[in-house]
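Encoded as structure tokens, the structure appears first; notes follow it.
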Amino acid sequence: MSYPVDTTHAPHSNDLIAGYLKHLAVLSRAETTRDTYADELCRLDRRLPEGLIYACADELRDAIHNGERSAAHIAKITAAVTGFFAWATRPSDPRLDFNPAADLPRAAVKPRRPRPVTNEELADILRRAREPMRTWYLLAAGNGLRCVEISRLDRADVTEQATWVRGKGGKERIVPTHPAVWAAVKDLPSGPVARNRDGSHANRVQVQERANYHLQRTLGHRAVSMHRLRHWHGTYVHQAAGGDIRVTQELLGHASPNTTSVYVATIGGAKAAAVHALPLPV
């Protein structure tokens with residue numbers, strides 16, 4: 001049974017969701033995470049009888065575990081909801097006086113396996129792709145960049161030796177520039193590598209949607225996405241690095257080096273060798 005709503009002094013779900021998203025931004029949570037959490041929380045707020053912040057534990061559980069969602073989707077929604085209510089009921093600044101998500105059941109998610117594109121698919125993509133998408137595909141496959149990282153990239157961030165990447169959650173890393181990437185980027189004008197017609201940076205969603213549309217609709221690779229190009233990068237650099245997981249994690253941005261000196265020290269060694277060994281046409 002839901003809790004009664006006092007509309008006179010009732011907080012509004014949208015205001016609390018907005019406050020939670022600002023909190024996540026302060027914590028440098030990735031833009032993609034914040035967007036996903038916003039979508040899931042707002043969708044739940046619309047579907048629950050009296051909205052998200054007046055739902056009881058049973059209503060939340062039934063709304064999330066509705067028998068139609070995959071375990072991965074349930075885990076994503078649960079993470080958004082539990083984080084939201086933990087923030088809204090924190091003792092230092094409580095916005096709500098009850099946490100109905102405290103005992104939500106967790107979904108058992110099977111570990112995802114990498115699904116890299118094949119060498120044949122990648123060769124065909126790079127042979128037929130139009131610009132600027134071809135350069136974006138090279139940045140994903142050759143330098144391991146995410147869509148959000150491509151959207152933030154400027155021409156000045158790429159040299160023949162290294163590429164400065166602004167990653168998820170405000171983390172930065174430096175990766176070696178593959179020769180094929182340098183060949184594609186070196187003559188680009190200054191400013192954003194992925195730009196709108198007015199010259200401004202395209203955002204993550206624009207890069208992702210334009211790149212995936214070109215891959216799947218124009219080039220006919222229906223099952224290929226930008227993230228699968230990044231999987232290809234991770235698979236091959238891991239092999240080229242002799243299975244050194246630290247090199248692979250640093251190149252993909254899953255773990256940052258402790259200091260800039262570590263970055264500089266490894267740029268010319270294992271990481272550069274791993275990237276330059278990628279079988280990309282120059």
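FYI, nothing fancy with the structure tokens labels: chains A, B, ... in order, residues from 1 per chain, ligands from 1 as they appear.
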Tell me, which residues of stretch 12-215 of chain A carry DSSP helix (DSSP H, G or I), written as a PyMOL selection string? chain A and resi 13-26+31-47+52-54+57-64+71-88+119-128+133-142+147-151+155-157+168-170+179-185+204-215
All residues 8 Å or closer to A:Leu41, only C-alpha atoms, same chain fewer than 2 positions away omitted, as a PyMOL selection string: chain A and resi 17+37-39+43-45+52+77+80-81
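Among the candidate residues A:Glu31, A:Ala107, A:Phe84, A:Ala141, the one lying nearest to A:Ile64 is A:Ala107, with distances computed using only C-alpha atoms.
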Write out as an NGL selection string the set of residues from stretch 144-214 of chain A that DSSP, computed on the backbone, places in strand (DSSP E). :A and (162-166 or 172-176)
Residue contacts of A:Asn119 (12 Å, only C-alpha atoms) excluding same-chain residues fewer than 2 positions away, as an NGL selection string: :A and (116-117 or 121-126 or 141 or 228-229 or 231-233 or 235-236 or 278-281)
For A:His178: contacts at 7 Å, only C-alpha atoms, fewer than 2 positions along chain excluded, given as a PyMOL selection string: chain A and resi 142-143+176+180-182+275-276
Take the residues that were just selected and, keeping all heavy atoms, output them as an mmCIF file, in the first residue's frame.
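Output below, filename again24.cif:
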data_model
loop_
_atom_site.group_PDB
_atom_site.id
_atom_site.type_symbol
_atom_site.label_atom_id
_atom_site.label_comp_id
_atom_site.auth_asym_id
_atom_site.auth_seq_id
_atom_site.Cartn_x
_atom_site.Cartn_y
_atom_site.Cartn_z
ATOM 1 N N GLY A 142 41.223 2.121 -33.613
ATOM 2 C CA GLY A 142 42.662 2.324 -33.529
ATOM 3 C C GLY A 142 43.137 2.883 -32.208
ATOM 4 O O GLY A 142 44.214 2.522 -31.716
ATOM 5 N N ASN A 143 42.348 3.776 -31.600
ATOM 6 C CA ASN A 143 42.741 4.380 -30.328
ATOM 7 C C ASN A 143 41.846 3.970 -29.175
ATOM 8 O O ASN A 143 42.050 4.409 -28.040
ATOM 9 C CB ASN A 143 42.760 5.907 -30.446
ATOM 10 C CG ASN A 143 44.038 6.428 -31.066
ATOM 11 O OD1 ASN A 143 44.788 5.667 -31.687
ATOM 12 N ND2 ASN A 143 44.300 7.716 -30.929
ATOM 13 N N PRO A 176 48.644 6.081 -27.175
ATOM 14 C CA PRO A 176 49.429 6.233 -28.408
ATOM 15 C C PRO A 176 48.517 6.369 -29.617
ATOM 16 O O PRO A 176 47.450 5.750 -29.677
ATOM 17 C CB PRO A 176 50.231 4.926 -28.469
ATOM 18 C CG PRO A 176 50.182 4.354 -27.093
ATOM 19 C CD PRO A 176 48.884 4.790 -26.510
ATOM 20 N N ALA A 180 47.261 4.885 -38.597
ATOM 21 C CA ALA A 180 46.062 5.074 -39.424
ATOM 22 C C ALA A 180 45.198 6.212 -38.896
ATOM 23 O O ALA A 180 44.575 6.955 -39.671
ATOM 24 C CB ALA A 180 45.252 3.778 -39.483
ATOM 25 N N VAL A 181 45.161 6.369 -37.575
ATOM 26 C CA VAL A 181 44.421 7.478 -36.975
ATOM 27 C C VAL A 181 45.097 8.797 -37.325
ATOM 28 O O VAL A 181 44.435 9.770 -37.711
ATOM 29 C CB VAL A 181 44.321 7.305 -35.453
ATOM 30 C CG1 VAL A 181 43.710 8.546 -34.797
ATOM 31 C CG2 VAL A 181 43.496 6.068 -35.099
ATOM 32 N N TRP A 182 46.397 8.833 -37.212
ATOM 33 C CA TRP A 182 47.126 10.057 -37.530
ATOM 34 C C TRP A 182 46.936 10.447 -38.996
ATOM 35 O O TRP A 182 46.725 11.625 -39.320
ATOM 36 C CB TRP A 182 48.605 9.889 -37.219
ATOM 37 C CG TRP A 182 49.442 11.082 -37.578
ATOM 38 C CD1 TRP A 182 50.466 11.140 -38.464
ATOM 39 C CD2 TRP A 182 49.314 12.413 -37.062
ATOM 40 N NE1 TRP A 182 50.988 12.410 -38.550
ATOM 41 C CE2 TRP A 182 50.289 13.212 -37.684
ATOM 42 C CE3 TRP A 182 48.458 12.998 -36.132
ATOM 43 C CZ2 TRP A 182 50.445 14.561 -37.412
ATOM 44 C CZ3 TRP A 182 48.606 14.356 -35.856
ATOM 45 C CH2 TRP A 182 49.593 15.115 -36.490
ATOM 46 N N VAL A 275 49.416 -0.783 -29.534
ATOM 47 C CA VAL A 275 48.581 -0.034 -30.467
ATOM 48 C C VAL A 275 49.128 -0.127 -31.884
ATOM 49 O O VAL A 275 48.383 -0.351 -32.856
ATOM 50 C CB VAL A 275 48.459 1.435 -30.032
ATOM 51 C CG1 VAL A 275 47.819 2.279 -31.129
ATOM 52 C CG2 VAL A 275 47.637 1.530 -28.750
ATOM 53 N N HIS A 276 50.423 0.014 -32.062
ATOM 54 C CA HIS A 276 51.013 -0.011 -33.402
ATOM 55 C C HIS A 276 50.911 -1.383 -34.043
ATOM 56 O O HIS A 276 51.003 -1.504 -35.273
ATOM 57 C CB HIS A 276 52.467 0.441 -33.327
ATOM 58 C CG HIS A 276 52.608 1.900 -33.043
ATOM 59 N ND1 HIS A 276 53.828 2.517 -32.874
ATOM 60 C CD2 HIS A 276 51.684 2.876 -32.882
ATOM 61 C CE1 HIS A 276 53.649 3.803 -32.609
ATOM 62 N NE2 HIS A 276 52.350 4.047 -32.622
#
With only C-alpha atoms as the atoms that count, which of A:Ser200, A:Ser92, A:Gln161, A:Thr118 lies nearest to A:Val224? A:Thr118
10 Å contact set for A:Ile53, only C-alpha atoms, chain neighbours under 3 positions out, as a PyMOL selection string: chain A and resi 3+5+10-14+16-17+44-45+48+50+56+84-85+88+96+98-100
Please list as a list in words every residue within 9 Å of A:Leu153, counting only C-alpha atoms and excluding residues in the same chain fewer than 5 positions away. Val148, Val158, Trp164, Val165, Arg166, Gly191, Pro192, Val193, Ala194 and His201 of chain A
Residues just named, written with N, CA and C atoms as a compact mmCIF listing (two decimals), in the first residue's frame:
# COMPACT_ATOMS: atom_id res chain seq x y z
N VAL A 148 31.54 9.18 -26.40
CA VAL A 148 31.62 10.42 -25.63
C VAL A 148 33.01 11.02 -25.72
N VAL A 158 45.33 15.54 -30.76
CA VAL A 158 45.93 14.39 -31.44
C VAL A 158 47.25 14.81 -32.07
N TRP A 164 45.31 12.81 -26.48
CA TRP A 164 44.81 13.15 -25.14
C TRP A 164 43.31 12.93 -25.14
N VAL A 165 42.84 12.08 -24.24
CA VAL A 165 41.45 11.66 -24.21
C VAL A 165 40.79 12.12 -22.92
N ARG A 166 39.63 12.77 -23.04
CA ARG A 166 38.82 13.14 -21.89
C ARG A 166 37.70 12.12 -21.77
N GLY A 191 39.82 22.60 -34.09
CA GLY A 191 38.49 22.53 -33.48
C GLY A 191 38.02 21.10 -33.33
N PRO A 192 36.73 20.91 -33.12
CA PRO A 192 36.20 19.57 -32.85
C PRO A 192 36.43 18.59 -33.99
N VAL A 193 36.77 17.36 -33.63
CA VAL A 193 36.87 16.29 -34.62
C VAL A 193 35.48 15.84 -35.05
N ALA A 194 34.55 15.85 -34.11
CA ALA A 194 33.14 15.56 -34.41
C ALA A 194 32.36 16.84 -34.18
N HIS A 201 30.98 21.28 -30.96
CA HIS A 201 31.15 19.86 -30.70
C HIS A 201 29.82 19.13 -30.84
